[in-house]
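**Q** Below is upload-v2.cif; it holds mmCIF, C-alpha atoms; chains and numbers go by the auth columns.
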data_final
#
loop_
_atom_site.group_PDB
_atom_site.id
_atom_site.type_symbol
_atom_site.label_atom_id
_atom_site.label_comp_id
_atom_site.label_asym_id
_atom_site.label_seq_id
_atom_site.Cartn_x
_atom_site.Cartn_y
_atom_site.Cartn_z
_atom_site.B_iso_or_equiv
_atom_site.auth_seq_id
_atom_site.auth_asym_id
ATOM 1 C CA MET A 1 0.244 -16.765 -11.215 0.00 1 A
ATOM 2 C CA ASP A 2 3.273 -18.976 -10.711 0.00 2 A
ATOM 3 C CA THR A 3 5.341 -19.391 -7.559 0.00 3 A
ATOM 4 C CA ALA A 4 8.394 -17.637 -9.024 0.00 4 A
ATOM 5 C CA THR A 5 6.351 -14.499 -9.713 0.00 5 A
ATOM 6 C CA ARG A 6 4.909 -14.537 -6.199 0.00 6 A
ATOM 7 C CA HIS A 7 8.422 -14.797 -4.720 0.00 7 A
ATOM 8 C CA LEU A 8 9.680 -11.985 -6.956 0.00 8 A
ATOM 9 C CA VAL A 9 6.866 -9.666 -5.812 0.00 9 A
ATOM 10 C CA ARG A 10 7.366 -10.502 -2.115 0.00 10 A
ATOM 11 C CA ASN A 11 11.155 -10.087 -2.320 0.00 11 A
ATOM 12 C CA ARG A 12 10.949 -6.841 -4.281 0.00 12 A
ATOM 13 C CA ALA A 13 8.605 -5.431 -1.610 0.00 13 A
ATOM 14 C CA LYS A 14 10.924 -6.619 1.189 0.00 14 A
ATOM 15 C CA GLY A 15 7.911 -8.270 2.833 0.00 15 A
ATOM 16 C CA ARG A 16 6.081 -4.963 3.296 0.00 16 A
ATOM 17 C CA CYS A 17 2.775 -3.685 1.993 0.00 17 A
ATOM 18 C CA GLU A 18 3.732 -1.472 -0.934 0.00 18 A
ATOM 19 C CA TYR A 19 0.971 0.963 -0.019 0.00 19 A
ATOM 20 C CA CYS A 20 1.077 1.426 3.777 0.00 20 A
ATOM 21 C CA GLY A 21 4.493 -0.120 4.540 0.00 21 A
ATOM 22 C CA LEU A 22 3.182 -2.632 7.099 0.00 22 A
ATOM 23 C CA PRO A 23 5.674 -5.518 7.477 0.00 23 A
ATOM 24 C CA GLU A 24 4.083 -8.915 6.845 0.00 24 A
ATOM 25 C CA GLU A 25 6.335 -10.617 9.399 0.00 25 A
ATOM 26 C CA PHE A 26 4.594 -8.756 12.246 0.00 26 A
ATOM 27 C CA VAL A 27 1.115 -9.814 11.160 0.00 27 A
ATOM 28 C CA PRO A 28 1.654 -13.585 11.352 0.00 28 A
ATOM 29 C CA LEU A 29 -1.977 -14.700 11.145 0.00 29 A
ATOM 30 C CA ILE A 30 -2.748 -12.693 8.017 0.00 30 A
ATOM 31 C CA THR A 31 -1.441 -13.456 4.541 0.00 31 A
ATOM 32 C CA PHE A 32 -0.571 -10.468 2.408 0.00 32 A
ATOM 33 C CA HIS A 33 -1.956 -10.398 -1.128 0.00 33 A
ATOM 34 C CA ILE A 34 -0.317 -10.162 -4.523 0.00 34 A
ATOM 35 C CA GLU A 35 -2.355 -7.274 -5.842 0.00 35 A
ATOM 36 C CA HIS A 36 -2.963 -6.108 -9.418 0.00 36 A
ATOM 37 C CA ILE A 37 -2.052 -2.407 -9.474 0.00 37 A
ATOM 38 C CA ILE A 38 -4.167 -2.009 -12.591 0.00 38 A
ATOM 39 C CA PRO A 39 -6.962 -4.536 -12.062 0.00 39 A
ATOM 40 C CA ARG A 40 -7.697 -7.111 -14.727 0.00 40 A
ATOM 41 C CA GLN A 41 -11.095 -5.549 -15.377 0.00 41 A
ATOM 42 C CA HIS A 42 -9.245 -2.411 -16.479 0.00 42 A
ATOM 43 C CA GLY A 43 -6.824 -4.335 -18.723 0.00 43 A
ATOM 44 C CA GLY A 44 -4.192 -5.160 -16.106 0.00 44 A
ATOM 45 C CA ASP A 45 -2.165 -8.326 -16.493 0.00 45 A
ATOM 46 C CA ASP A 46 -0.084 -10.701 -14.375 0.00 46 A
ATOM 47 C CA GLU A 47 3.262 -9.183 -15.376 0.00 47 A
ATOM 48 C CA PRO A 48 5.466 -8.392 -12.358 0.00 48 A
ATOM 49 C CA THR A 49 5.384 -4.685 -13.248 0.00 49 A
ATOM 50 C CA ASN A 50 1.628 -4.721 -12.570 0.00 50 A
ATOM 51 C CA LEU A 51 1.831 -6.621 -9.289 0.00 51 A
ATOM 52 C CA ALA A 52 2.380 -5.345 -5.763 0.00 52 A
ATOM 53 C CA LEU A 53 2.484 -6.891 -2.312 0.00 53 A
ATOM 54 C CA SER A 54 -0.424 -5.521 -0.327 0.00 54 A
ATOM 55 C CA CYS A 55 -1.732 -6.028 3.165 0.00 55 A
ATOM 56 C CA PRO A 56 -5.312 -7.244 3.037 0.00 56 A
ATOM 57 C CA TRP A 57 -6.661 -3.958 4.416 0.00 57 A
ATOM 58 C CA CYS A 58 -5.119 -1.878 1.621 0.00 58 A
ATOM 59 C CA ASN A 59 -6.066 -4.450 -1.021 0.00 59 A
ATOM 60 C CA TRP A 60 -9.692 -4.776 0.133 0.00 60 A
ATOM 61 C CA ALA A 61 -10.119 -1.002 0.246 0.00 61 A
ATOM 62 C CA LYS A 62 -8.413 -0.417 -3.114 0.00 62 A
ATOM 63 C CA GLY A 63 -10.498 -2.972 -4.969 0.00 63 A
ATOM 64 C CA PRO A 64 -10.667 -2.034 -8.663 0.00 64 A
ATOM 65 C CA ASN A 65 -10.089 1.691 -7.994 0.00 65 A
ATOM 66 C CA LEU A 66 -7.517 3.514 -10.100 0.00 66 A
ATOM 67 C CA SER A 67 -8.233 7.023 -8.822 0.00 67 A
ATOM 68 C CA GLY A 68 -9.695 8.963 -5.940 0.00 68 A
ATOM 69 C CA ILE A 69 -10.638 12.481 -4.966 0.00 69 A
ATOM 70 C CA ASP A 70 -8.007 14.551 -3.178 0.00 70 A
ATOM 71 C CA PRO A 71 -9.835 15.653 -0.007 0.00 71 A
ATOM 72 C CA ASP A 72 -8.003 19.015 0.009 0.00 72 A
ATOM 73 C CA THR A 73 -8.780 20.075 -3.568 0.00 73 A
ATOM 74 C CA ASN A 74 -11.755 17.861 -4.534 0.00 74 A
ATOM 75 C CA VAL A 75 -9.880 16.988 -7.739 0.00 75 A
ATOM 76 C CA LEU A 76 -9.860 13.456 -9.143 0.00 76 A
ATOM 77 C CA VAL A 77 -6.289 12.099 -9.146 0.00 77 A
ATOM 78 C CA PRO A 78 -4.689 8.705 -9.790 0.00 78 A
ATOM 79 C CA LEU A 79 -3.991 6.456 -6.833 0.00 79 A
ATOM 80 C CA PHE A 80 -0.408 5.703 -5.831 0.00 80 A
ATOM 81 C CA HIS A 81 1.242 3.305 -8.293 0.00 81 A
ATOM 82 C CA PRO A 82 4.134 1.410 -6.632 0.00 82 A
ATOM 83 C CA ARG A 83 5.999 0.910 -9.929 0.00 83 A
ATOM 84 C CA GLN A 84 5.659 4.513 -11.125 0.00 84 A
ATOM 85 C CA HIS A 85 5.651 6.681 -8.006 0.00 85 A
ATOM 86 C CA VAL A 86 8.138 7.173 -5.160 0.00 86 A
ATOM 87 C CA TRP A 87 6.515 6.421 -1.785 0.00 87 A
ATOM 88 C CA SER A 88 8.274 9.209 0.127 0.00 88 A
ATOM 89 C CA GLU A 89 7.008 11.832 -2.343 0.00 89 A
ATOM 90 C CA HIS A 90 3.394 10.952 -1.590 0.00 90 A
ATOM 91 C CA PHE A 91 3.326 9.648 1.990 0.00 91 A
ATOM 92 C CA ALA A 92 4.876 10.262 5.383 0.00 92 A
ATOM 93 C CA TYR A 93 4.412 8.829 8.851 0.00 93 A
ATOM 94 C CA GLN A 94 3.052 11.122 11.528 0.00 94 A
ATOM 95 C CA GLY A 95 3.464 8.793 14.469 0.00 95 A
ATOM 96 C CA PRO A 96 1.639 5.644 13.409 0.00 96 A
ATOM 97 C CA ARG A 97 -0.634 7.599 11.047 0.00 97 A
ATOM 98 C CA ILE A 98 0.104 7.917 7.353 0.00 98 A
ATOM 99 C CA ILE A 99 -0.428 11.341 5.833 0.00 99 A
ATOM 100 C CA GLY A 100 -0.381 12.387 2.207 0.00 100 A
ATOM 101 C CA PRO A 101 1.612 15.527 1.424 0.00 101 A
ATOM 102 C CA SER A 102 0.594 15.285 -2.264 0.00 102 A
ATOM 103 C CA PRO A 103 -2.791 14.979 -3.981 0.00 103 A
ATOM 104 C CA ILE A 104 -1.956 11.371 -4.952 0.00 104 A
ATOM 105 C CA GLY A 105 -0.968 10.594 -1.365 0.00 105 A
ATOM 106 C CA ARG A 106 -4.053 12.194 0.165 0.00 106 A
ATOM 107 C CA ALA A 107 -6.417 10.447 -2.243 0.00 107 A
ATOM 108 C CA THR A 108 -4.677 7.100 -1.715 0.00 108 A
ATOM 109 C CA VAL A 109 -4.719 7.425 2.096 0.00 109 A
ATOM 110 C CA ARG A 110 -8.432 8.125 1.875 0.00 110 A
ATOM 111 C CA VAL A 111 -9.437 5.453 -0.660 0.00 111 A
ATOM 112 C CA LEU A 112 -7.261 2.727 0.886 0.00 112 A
ATOM 113 C CA ALA A 113 -8.319 3.772 4.415 0.00 113 A
ATOM 114 C CA MET A 114 -4.656 3.508 5.440 0.00 114 A
ATOM 115 C CA ASN A 115 -5.369 4.766 8.946 0.00 115 A
ATOM 116 C CA ARG A 116 -8.149 2.324 9.764 0.00 116 A
ATOM 117 C CA VAL A 117 -8.014 0.822 13.236 0.00 117 A
ATOM 118 C CA GLU A 118 -6.242 -2.501 12.560 0.00 118 A
ATOM 119 C CA PRO A 119 -3.095 -1.334 10.705 0.00 119 A
ATOM 120 C CA LEU A 120 -2.927 1.840 12.808 0.00 120 A
ATOM 121 C CA GLU A 121 -2.814 -0.219 16.012 0.00 121 A
ATOM 122 C CA ILE A 122 -0.165 -2.539 14.548 0.00 122 A
ATOM 123 C CA ARG A 123 2.004 0.420 13.471 0.00 123 A
ATOM 124 C CA ALA A 124 1.590 2.012 16.921 0.00 124 A
ATOM 125 C CA TRP A 125 2.605 -1.249 18.612 0.00 125 A
ATOM 126 C CA LEU A 126 5.658 -1.608 16.346 0.00 126 A
ATOM 127 C CA MET A 127 6.717 1.928 17.253 0.00 127 A
ATOM 128 C CA THR A 128 6.330 1.342 20.999 0.00 128 A
ATOM 129 C CA GLU A 129 8.434 -1.811 20.655 0.00 129 A
ATOM 130 C CA GLY A 130 11.133 0.202 18.884 0.00 130 A
ATOM 131 C CA ILE A 131 10.684 -1.740 15.653 0.00 131 A
ATOM 132 C CA HIS A 132 11.521 0.477 12.733 0.00 132 A
ATOM 133 C CA PHE A 133 9.621 0.052 9.516 0.00 133 A
ATOM 134 C CA GLN A 134 9.243 2.133 6.432 0.00 134 A
ATOM 135 C CA SER A 135 8.072 1.948 2.876 0.00 135 A
ATOM 136 C CA CYS A 136 9.515 -0.538 0.404 0.00 136 A
ATOM 137 C CA GLU A 137 11.837 1.995 -1.230 0.00 137 A
#
What do you get writing this file as structure tokens?
**A**
Amino acid sequence: MDTATRHLVRNRAKGRCEYCGLPEEFVPLITFHIEHIIPRQHGGDDEPTNLALSCPWCNWAKGPNLSGIDPDTNVLVPLFHPRQHVWSEHFAYQGPRIIGPSPIGRATVRVLAMNRVEPLEIRAWLMTEGIHFQSCE
């Protein structure tokens, strides 16, 4: 992947994880990843429309997954796709926690472990410092 594509993805995401919204600038010792929304093993390519900026926690948890089970309905649903879905339709902040008001949101929160300790503590700290952050929309 060339440098221009990496810059395009980072700029389009406004320096935030396109899944959990964590701002890269407040996690200075960790490099965010350029993530394949549809992994290569499932036919995904390096086109910008298939790439997203992801914090390492979301990227590691997502892995090659394309779907997950909605914990409320036990139905298999696709995971959130940053190029096809609108973040605010599938996620909301409840304090520093991310909740999923939709099946896609709930499954994605679960599969990506969006409320694991590390990002949850960073989001809580940002809120106590009065630093406003949101999704990449």
**Q** A:Glu25, A:Glu121, A:Asp2, A:Glu18: which is nearest Ser88 (chain A), counting only C-alpha atoms?
**A**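 Checking each candidate against Ser88 (chain A), we get A:Glu18 as the closest.
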**Q** Check which residues satisfy the PyMOL selection byres ((chain A and resi 94) around 12) in the file shown, then give them as a ChimeraX atom specification.
**A** /A:91-93,95-101,115,120,123-124,127
**Q** Evaluating the PyMOL selection byres ((chain A and resi 53) around 8) on the displayed file yields which residues, as a compact mmCIF listing (two decimals) with C-alpha atoms, in the coordinates of the input?
**A**
# COMPACT_ATOMS: atom_id res chain seq x y z
CA VAL A 9 6.87 -9.67 -5.81
CA ARG A 10 7.37 -10.50 -2.12
CA ALA A 13 8.60 -5.43 -1.61
CA GLY A 15 7.91 -8.27 2.83
CA ARG A 16 6.08 -4.96 3.30
CA CYS A 17 2.78 -3.68 1.99
CA GLU A 18 3.73 -1.47 -0.93
CA PHE A 32 -0.57 -10.47 2.41
CA HIS A 33 -1.96 -10.40 -1.13
CA ILE A 34 -0.32 -10.16 -4.52
CA GLU A 35 -2.36 -7.27 -5.84
CA LEU A 51 1.83 -6.62 -9.29
CA ALA A 52 2.38 -5.34 -5.76
CA SER A 54 -0.42 -5.52 -0.33
CA CYS A 55 -1.73 -6.03 3.16
**Q** List the spatial neighbours of region 57-62 of chain A as a ChimeraX atom specification - criterion: any atom at most 7 Å away, only C-alpha atoms, same-chain residues fewer than 2 positions off excluded.
**A** /A:19,35,54-55,64-65,111-114
**Q** Distance CA of Ile104 (chain A)-CA of Gln84 (chain A), one decimal place?
**A** 12.0 Å
**Q** To one decimal place in Å, what is the distance between CA of Arg12 (chain A) and CA of His42 (chain A)?
**A**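 Pair CA of Arg12 (chain A) / CA of His42 (chain A) returns 24.0 Å.
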**Q** Just checking: using all atoms listed in the file, which residue out of A:Pro39, A:His132, A:Trp87, A:Cys20 ends up closest to Val109 (chain A)?
**A**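 Looking only at the distances to Val109 (chain A), the closest residue turns out to be A:Cys20.
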**Q** Just checking: using only C-alpha atoms, which residue out of A:Thr5, A:Gln41, A:Thr31, A:Thr108 ends up closest to Pro71 (chain A)?
**A**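 Under the stated criterion, the closest residue is A:Thr108.
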**Q** Kindly indicate which residue among A:Gly44, A:Ile37, A:Arg116, A:Gly105 lies nearest to His81 (chain A), using all atoms listed in the file for the distances.
**A**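 With all atoms listed in the file as the atom set, the closest residue is A:Ile37.
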**Q** CA of Ile38 (chain A) to CA of Val77 (chain A): how many Å, to one decimal?
**A** 14.7 Å
**Q** Got a sec: who's within 10 Å of Pro103 (chain A), counting only C-alpha atoms, leaving out chain neighbours fewer than 6 positions off, as an NGL selection string?
**A** :A and (68-80 or 90 or 109)
**Q** Would you mind telling me which residue in A:Arg83, A:Asn11, A:Ile122, A:Ala107 lies nearest to Glu47 (chain A) when using only C-alpha atoms?
**A**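 With only C-alpha atoms as the atom set, the closest residue is A:Arg83.
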